[in-house]
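**Student:** Let me give you the structure first, and then I'll get to my questions.
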Amino acid sequence: MNRLRASLHRQLQNGSLYAVLAALGFSFKAIFVKLSYAAGPVDAVSLLAMRMGLSLPLFAWLVWASRREANTPLTPLDLLRVALLGLLGYYLSSLFDFYGLQYISAGLERMILFTYPTLVLIFQAIALRERPTPRTLLAMGLCYLGLGIAFVHDLGNTSGGQQVLVGSLWVFASAVTYALFYSGTGMMLKRMGGMRLAGLCGVASSLMVLGHFLVVADIKQLWQLPPAIWTYAGMMALFSTVLPIYWVALAIQRLGPTQTAAVGNLGPVLTLLASWAILSEAISAYQLAGLALVMLGVSRLKPAKKVEAPAKEAAV
């Protein structure tokens, strides 16, 4: 027992346990969404409003907890940029992802999202007018070859092939908006710490999501949902939204962004295993081969210049 405590203490001190916990939390987001859809009649907008509404006080806590990072006062332009990042990162990306999870498996969803670093490099090449290196092109090719193997297999082994296509397009749209969010964080991270930026973007996106919900739906319908959906939404808010962001910040302080991102590569594997164990989603050799190629490709991608993102894991 003493050895176990000593080992856990060492892992906390060097940050590796925080990085693993963050990867685990992010990977379970899709599981909580699928469980919520199975528990009762809830649509994507309502479920996202529950998640972000329950996360709002926790995001406010992140802003308060990171007050020591607030060395630079925010200007109106900073607030506008934070609002734009919140719109892309936690509002549109999450909404598109929730739409997609209505149609495809959690494992395929995480695999599609995990290709967002390739999109970051594409956006960077366009913005800087740079040609990708042959190594980068090869890595991107591996990513999309692996994704294509998994996608074609899912398309051919389900009765709703059109649903797989629609769901995949929604999740890919989520990856695109998250890549735009990721690309825009570099400038803001120079002015504020990662935890403070995440908290501010989370507050902004939560208000946007709640405003969207109030425009298109009746808040009374939320109180009629089964308690199980509220439970899953609460667990998603705590364990798959705010806490992983906090754990990533702690991991970066101890490990640095590169090692933290490397641990984040566990995300798709954890999602695939959790979807098999909890949701009874089948794991095929095609999925494993596709996942291996995607992870190999992402691991070979050259990091974007001047961008110190929290971790190589989609936190939508």
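Ordered as shown in the structure tokens, chains take letters A, B, and onward, while each chain numbers its residues from 1 and ligands are numbered from 1 in the order shown.
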List as a tab-separated table (two decimals) with C-alpha atoms, in the first residue's frame the protein and nucleic acid residues near region 240-244 of chain A, meaning an atom at most 9 Å away when only C-alpha atoms are counted, but skip any in the same chain fewer than 2 places from it.
**Tutor:**
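The file below, selection.tsv, is the result:
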```tsv
chain	number	residue	atom	x	y	z
A	18	TYR	CA	-2.79	14.25	-14.82
A	19	ALA	CA	-2.13	13.77	-18.55
A	21	LEU	CA	-6.65	11.42	-16.54
A	22	ALA	CA	-7.21	14.22	-19.06
A	23	ALA	CA	-7.01	11.79	-21.99
A	24	LEU	CA	-9.42	9.46	-20.21
A	25	GLY	CA	-11.88	12.26	-19.46
A	26	PHE	CA	-11.89	13.60	-23.02
A	27	SER	CA	-12.28	10.10	-24.46
A	28	PHE	CA	-15.41	9.45	-22.38
A	29	LYS	CA	-17.29	12.46	-23.76
A	32	PHE	CA	-21.71	9.97	-22.21
A	51	ARG	CA	-23.67	20.03	-20.68
A	52	MET	CA	-22.62	23.67	-21.05
A	55	SER	CA	-20.21	23.46	-16.98
A	58	LEU	CA	-17.07	25.24	-13.37
A	59	PHE	CA	-15.62	27.31	-16.21
A	62	LEU	CA	-11.32	27.91	-13.86
A	198	ALA	CA	-9.92	27.76	-21.56
A	199	GLY	CA	-12.07	29.14	-18.75
A	202	GLY	CA	-15.80	28.06	-21.90
A	235	MET	CA	-20.80	13.57	-15.60
A	236	MET	CA	-19.94	14.87	-19.06
A	237	ALA	CA	-19.71	18.44	-17.74
A	238	LEU	CA	-17.47	17.50	-14.83
A	246	TYR	CA	-7.72	21.58	-15.54
A	247	TRP	CA	-5.73	18.33	-15.57
A	248	VAL	CA	-4.13	19.26	-18.89
A	249	ALA	CA	-3.00	22.60	-17.42
A	315	ALA	CA	-11.85	18.63	-26.19
A	316	VAL	CA	-15.07	19.45	-27.95
```
**Student:** Could you list, with a cut-off of 9 Å and counting only C-alpha atoms, the residues of region 204-304 of chain A near region 111-114 of chain A, each shown with its nearest atom pair and the distance in Å rounded to one decimal, rows sorted by chain and ascending number, as a Markdown table?
**Tutor:**
```
| residue | atom | partner | partner_atom | distance |
| --- | --- | --- | --- | --- |
| A:Asn265 | CA | A:Phe114 | CA | 8.7 |
| A:Gly267 | CA | A:Phe114 | CA | 8.5 |
| A:Pro268 | CA | A:Met111 | CA | 6.1 |
| A:Leu272 | CA | A:Met111 | CA | 8.9 |
| A:Gly290 | CA | A:Met111 | CA | 8.5 |
| A:Leu291 | CA | A:Met111 | CA | 6.7 |
| A:Val294 | CA | A:Met111 | CA | 7.4 |
| A:Met295 | CA | A:Phe114 | CA | 8.2 |
| A:Val298 | CA | A:Phe114 | CA | 8.0 |
```
**Student:** Considering only C-alpha atoms, can you say which of A:Ile31, A:Leu80, A:Leu301, A:Leu87 comes closest to Leu207 (chain A)?
**Tutor:**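 Of A:Ile31, A:Leu80, A:Leu301, A:Leu87, the one nearest Leu207 (chain A) is A:Leu87, counting only C-alpha atoms.
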**Student:** Please return, as a VMD selection string, all residues of region 23-218 of chain A that DSSP assigns to alpha helix (DSSP H) on the basis of the backbone.
**Tutor:** chain A and resid 23 to 27 29 to 39 44 to 65 76 to 86 93 to 100 106 to 113 116 to 128 134 to 156 161 to 191 194 to 216
**Student:** Deliver the residues from the most recent selection as a file, using C-alpha atoms, as a compact mmCIF listing (two decimals), in the first residue's frame.
**Tutor:**
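Below is the file that was written, result.txt:
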```txt
# COMPACT_ATOMS: atom_id res chain seq x y z
CA ALA A 23 -7.01 11.79 -21.99
CA LEU A 24 -9.42 9.46 -20.21
CA GLY A 25 -11.88 12.26 -19.46
CA PHE A 26 -11.89 13.60 -23.02
CA SER A 27 -12.28 10.10 -24.46
CA LYS A 29 -17.29 12.46 -23.76
CA ALA A 30 -18.61 10.48 -26.72
CA ILE A 31 -19.60 7.64 -24.38
CA PHE A 32 -21.71 9.97 -22.21
CA VAL A 33 -23.36 11.42 -25.33
CA LYS A 34 -24.27 7.99 -26.69
CA LEU A 35 -25.58 6.89 -23.27
CA SER A 36 -27.72 10.04 -23.09
CA TYR A 37 -29.24 9.40 -26.51
CA ALA A 38 -30.02 5.83 -25.45
CA ALA A 39 -31.59 6.92 -22.13
CA ALA A 44 -28.37 17.48 -29.70
CA VAL A 45 -29.13 21.13 -28.85
CA SER A 46 -30.84 20.26 -25.55
CA LEU A 47 -28.08 17.86 -24.51
CA LEU A 48 -25.39 20.40 -25.36
CA ALA A 49 -27.29 23.08 -23.40
CA MET A 50 -27.38 20.76 -20.38
CA ARG A 51 -23.67 20.03 -20.68
CA MET A 52 -22.62 23.67 -21.05
CA GLY A 53 -25.14 24.98 -18.53
CA LEU A 54 -23.76 22.61 -15.89
CA SER A 55 -20.21 23.46 -16.98
CA LEU A 56 -20.69 27.24 -16.78
CA PRO A 57 -20.02 27.60 -13.02
CA LEU A 58 -17.07 25.24 -13.37
CA PHE A 59 -15.62 27.31 -16.21
CA ALA A 60 -16.08 30.39 -14.02
CA TRP A 61 -14.13 28.53 -11.34
CA LEU A 62 -11.32 27.91 -13.86
CA VAL A 63 -11.15 31.64 -14.54
CA TRP A 64 -10.97 32.32 -10.80
CA ALA A 65 -8.39 29.55 -10.20
CA PRO A 76 -12.03 44.82 -25.92
CA LEU A 77 -10.15 43.17 -28.82
CA ASP A 78 -9.05 40.36 -26.48
CA LEU A 79 -12.66 39.79 -25.42
CA LEU A 80 -13.76 39.69 -29.06
CA ARG A 81 -11.10 37.09 -29.83
CA VAL A 82 -12.09 35.03 -26.80
CA ALA A 83 -15.71 35.12 -27.97
CA LEU A 84 -14.67 33.99 -31.46
CA LEU A 85 -12.59 31.13 -30.04
CA GLY A 86 -15.48 30.13 -27.80
CA SER A 93 -17.44 22.08 -32.66
CA SER A 94 -19.45 20.53 -29.84
CA LEU A 95 -22.77 21.08 -31.60
CA PHE A 96 -21.55 19.46 -34.84
CA ASP A 97 -20.03 16.60 -32.85
CA PHE A 98 -23.28 15.97 -30.95
CA TYR A 99 -25.17 15.92 -34.26
CA GLY A 100 -22.72 13.39 -35.67
CA ALA A 106 -18.17 6.60 -30.64
CA GLY A 107 -15.04 4.88 -31.96
CA LEU A 108 -15.40 6.26 -35.50
CA GLU A 109 -16.26 9.70 -34.09
CA ARG A 110 -13.06 9.90 -32.07
CA MET A 111 -11.00 8.69 -35.02
CA ILE A 112 -12.41 11.42 -37.27
CA LEU A 113 -11.85 14.11 -34.63
CA TYR A 116 -7.76 17.70 -36.73
CA PRO A 117 -3.96 18.26 -36.50
CA THR A 118 -3.80 17.65 -40.26
CA LEU A 119 -6.35 20.42 -40.75
CA VAL A 120 -4.31 22.74 -38.52
CA LEU A 121 -1.31 22.21 -40.78
CA ILE A 122 -3.42 22.86 -43.88
CA PHE A 123 -4.74 26.14 -42.42
CA GLN A 124 -1.23 27.11 -41.38
CA ALA A 125 0.15 26.40 -44.85
CA ILE A 126 -2.59 28.55 -46.40
CA ALA A 127 -2.08 31.41 -43.94
CA LEU A 128 1.72 31.40 -44.23
CA PRO A 134 7.03 15.54 -48.01
CA ARG A 135 7.10 14.11 -44.48
CA THR A 136 4.00 16.10 -43.56
CA LEU A 137 2.19 14.99 -46.71
CA LEU A 138 3.08 11.36 -46.00
CA ALA A 139 1.83 11.66 -42.41
CA MET A 140 -1.42 13.23 -43.59
CA GLY A 141 -1.81 10.49 -46.17
CA LEU A 142 -1.46 7.84 -43.45
CA CYS A 143 -4.11 9.60 -41.35
CA TYR A 144 -6.68 9.70 -44.11
CA LEU A 145 -5.85 6.21 -45.35
CA GLY A 146 -6.55 4.87 -41.86
CA LEU A 147 -9.71 6.94 -41.58
CA GLY A 148 -10.84 5.72 -45.00
CA ILE A 149 -10.35 2.07 -44.00
CA ALA A 150 -12.44 2.48 -40.85
CA PHE A 151 -15.08 4.59 -42.62
CA VAL A 152 -15.57 2.24 -45.58
CA HIS A 153 -15.80 -0.73 -43.22
CA ASP A 154 -18.47 0.98 -41.09
CA LEU A 155 -20.29 2.09 -44.23
CA GLY A 156 -20.46 -1.45 -45.59
CA GLY A 161 -24.99 3.58 -44.80
CA GLN A 162 -26.38 7.05 -45.46
CA GLN A 163 -26.53 7.72 -41.72
CA VAL A 164 -22.84 6.83 -41.38
CA LEU A 165 -22.04 9.28 -44.16
CA VAL A 166 -24.15 12.07 -42.63
CA GLY A 167 -22.74 11.49 -39.15
CA SER A 168 -19.17 11.40 -40.44
CA LEU A 169 -19.65 14.69 -42.27
CA TRP A 170 -21.01 16.33 -39.11
CA VAL A 171 -18.03 15.11 -37.07
CA PHE A 172 -15.60 16.19 -39.77
CA ALA A 173 -17.20 19.66 -39.62
CA SER A 174 -16.54 19.51 -35.88
CA ALA A 175 -12.88 18.70 -36.58
CA VAL A 176 -12.65 21.65 -38.99
CA THR A 177 -14.06 24.16 -36.50
CA TYR A 178 -11.90 22.75 -33.71
CA ALA A 179 -8.82 23.07 -35.93
CA LEU A 180 -9.72 26.74 -36.52
CA PHE A 181 -10.06 27.18 -32.76
CA TYR A 182 -6.70 25.44 -32.19
CA SER A 183 -5.01 27.63 -34.81
CA GLY A 184 -6.31 30.77 -33.14
CA THR A 185 -5.11 29.93 -29.64
CA GLY A 186 -1.44 30.70 -30.31
CA MET A 187 -1.81 34.46 -30.23
CA MET A 188 -4.03 34.43 -27.14
CA LEU A 189 -1.79 32.03 -25.20
CA LYS A 190 0.93 34.68 -25.35
CA ARG A 191 -1.34 37.09 -23.49
CA GLY A 194 -3.89 28.08 -21.03
CA MET A 195 -6.20 27.55 -18.05
CA ARG A 196 -7.41 31.16 -18.07
CA LEU A 197 -8.02 31.06 -21.82
CA ALA A 198 -9.92 27.76 -21.56
CA GLY A 199 -12.07 29.14 -18.75
CA LEU A 200 -12.90 32.36 -20.59
CA CYS A 201 -13.67 30.54 -23.85
CA GLY A 202 -15.80 28.06 -21.90
CA VAL A 203 -17.82 30.85 -20.27
CA ALA A 204 -18.33 32.55 -23.64
CA SER A 205 -19.39 29.34 -25.41
CA SER A 206 -21.69 28.30 -22.55
CA LEU A 207 -23.58 31.60 -22.84
CA MET A 208 -23.81 31.14 -26.63
CA VAL A 209 -25.12 27.58 -26.32
CA LEU A 210 -27.70 28.58 -23.70
CA GLY A 211 -28.80 31.51 -25.87
CA HIS A 212 -29.18 29.16 -28.85
CA PHE A 213 -31.26 26.76 -26.78
CA LEU A 214 -33.56 29.49 -25.46
CA VAL A 215 -34.23 30.68 -29.03
CA VAL A 216 -35.11 27.27 -30.50
```
**Student:** Could you tell me which of A:Gly297, A:Gly256, A:Pro132, A:Pro41 comes closest to Pro226 (chain A) if we count only C-alpha atoms?
**Tutor:** A:Pro41
**Student:** Show me, as a list of chain:residue names, the residues that have an atom within 10 Å of Pro227 (chain A) when counting only C-alpha atoms, minus same-chain residues fewer than 5 positions from it.
**Tutor:**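 What passes the distance filter is A:Ala39, A:Gly40, A:Tyr232, A:Ala233.
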**Student:** Dump N, CA and C atoms for the selected residues as an mmCIF file, in the first residue's frame?
**Tutor:**
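Output below, filename out-v7.cif:
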```cif
data_model
loop_
_atom_site.group_PDB
_atom_site.id
_atom_site.type_symbol
_atom_site.label_atom_id
_atom_site.label_comp_id
_atom_site.auth_asym_id
_atom_site.auth_seq_id
_atom_site.Cartn_x
_atom_site.Cartn_y
_atom_site.Cartn_z
ATOM 1 N N ALA A 39 -30.787 6.860 -23.358
ATOM 2 C CA ALA A 39 -31.589 6.921 -22.131
ATOM 3 C C ALA A 39 -32.956 7.566 -22.320
ATOM 4 N N GLY A 40 -33.146 8.295 -23.408
ATOM 5 C CA GLY A 40 -34.435 8.953 -23.600
ATOM 6 C C GLY A 40 -34.430 9.872 -24.799
ATOM 7 N N TYR A 232 -25.936 11.744 -16.889
ATOM 8 C CA TYR A 232 -24.884 11.664 -17.909
ATOM 9 C C TYR A 232 -24.384 13.044 -18.306
ATOM 10 N N ALA A 233 -25.296 14.026 -18.411
ATOM 11 C CA ALA A 233 -24.889 15.384 -18.759
ATOM 12 C C ALA A 233 -23.993 15.977 -17.665
#
```
**Student:** Select, from A:Arg67, A:Leu92, A:Ser284, A:Ile229, the residue with the minimum atom-to-atom distance to Gly193 (chain A), counting only C-alpha atoms.
**Tutor:**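 Result for the nearest residue to Gly193 (chain A): A:Arg67.
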**Student:** What is the CA of Gln253 (chain A) to CA of Gly15 (chain A) distance in Å?
**Tutor:**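 It comes out at 7.7 Å.
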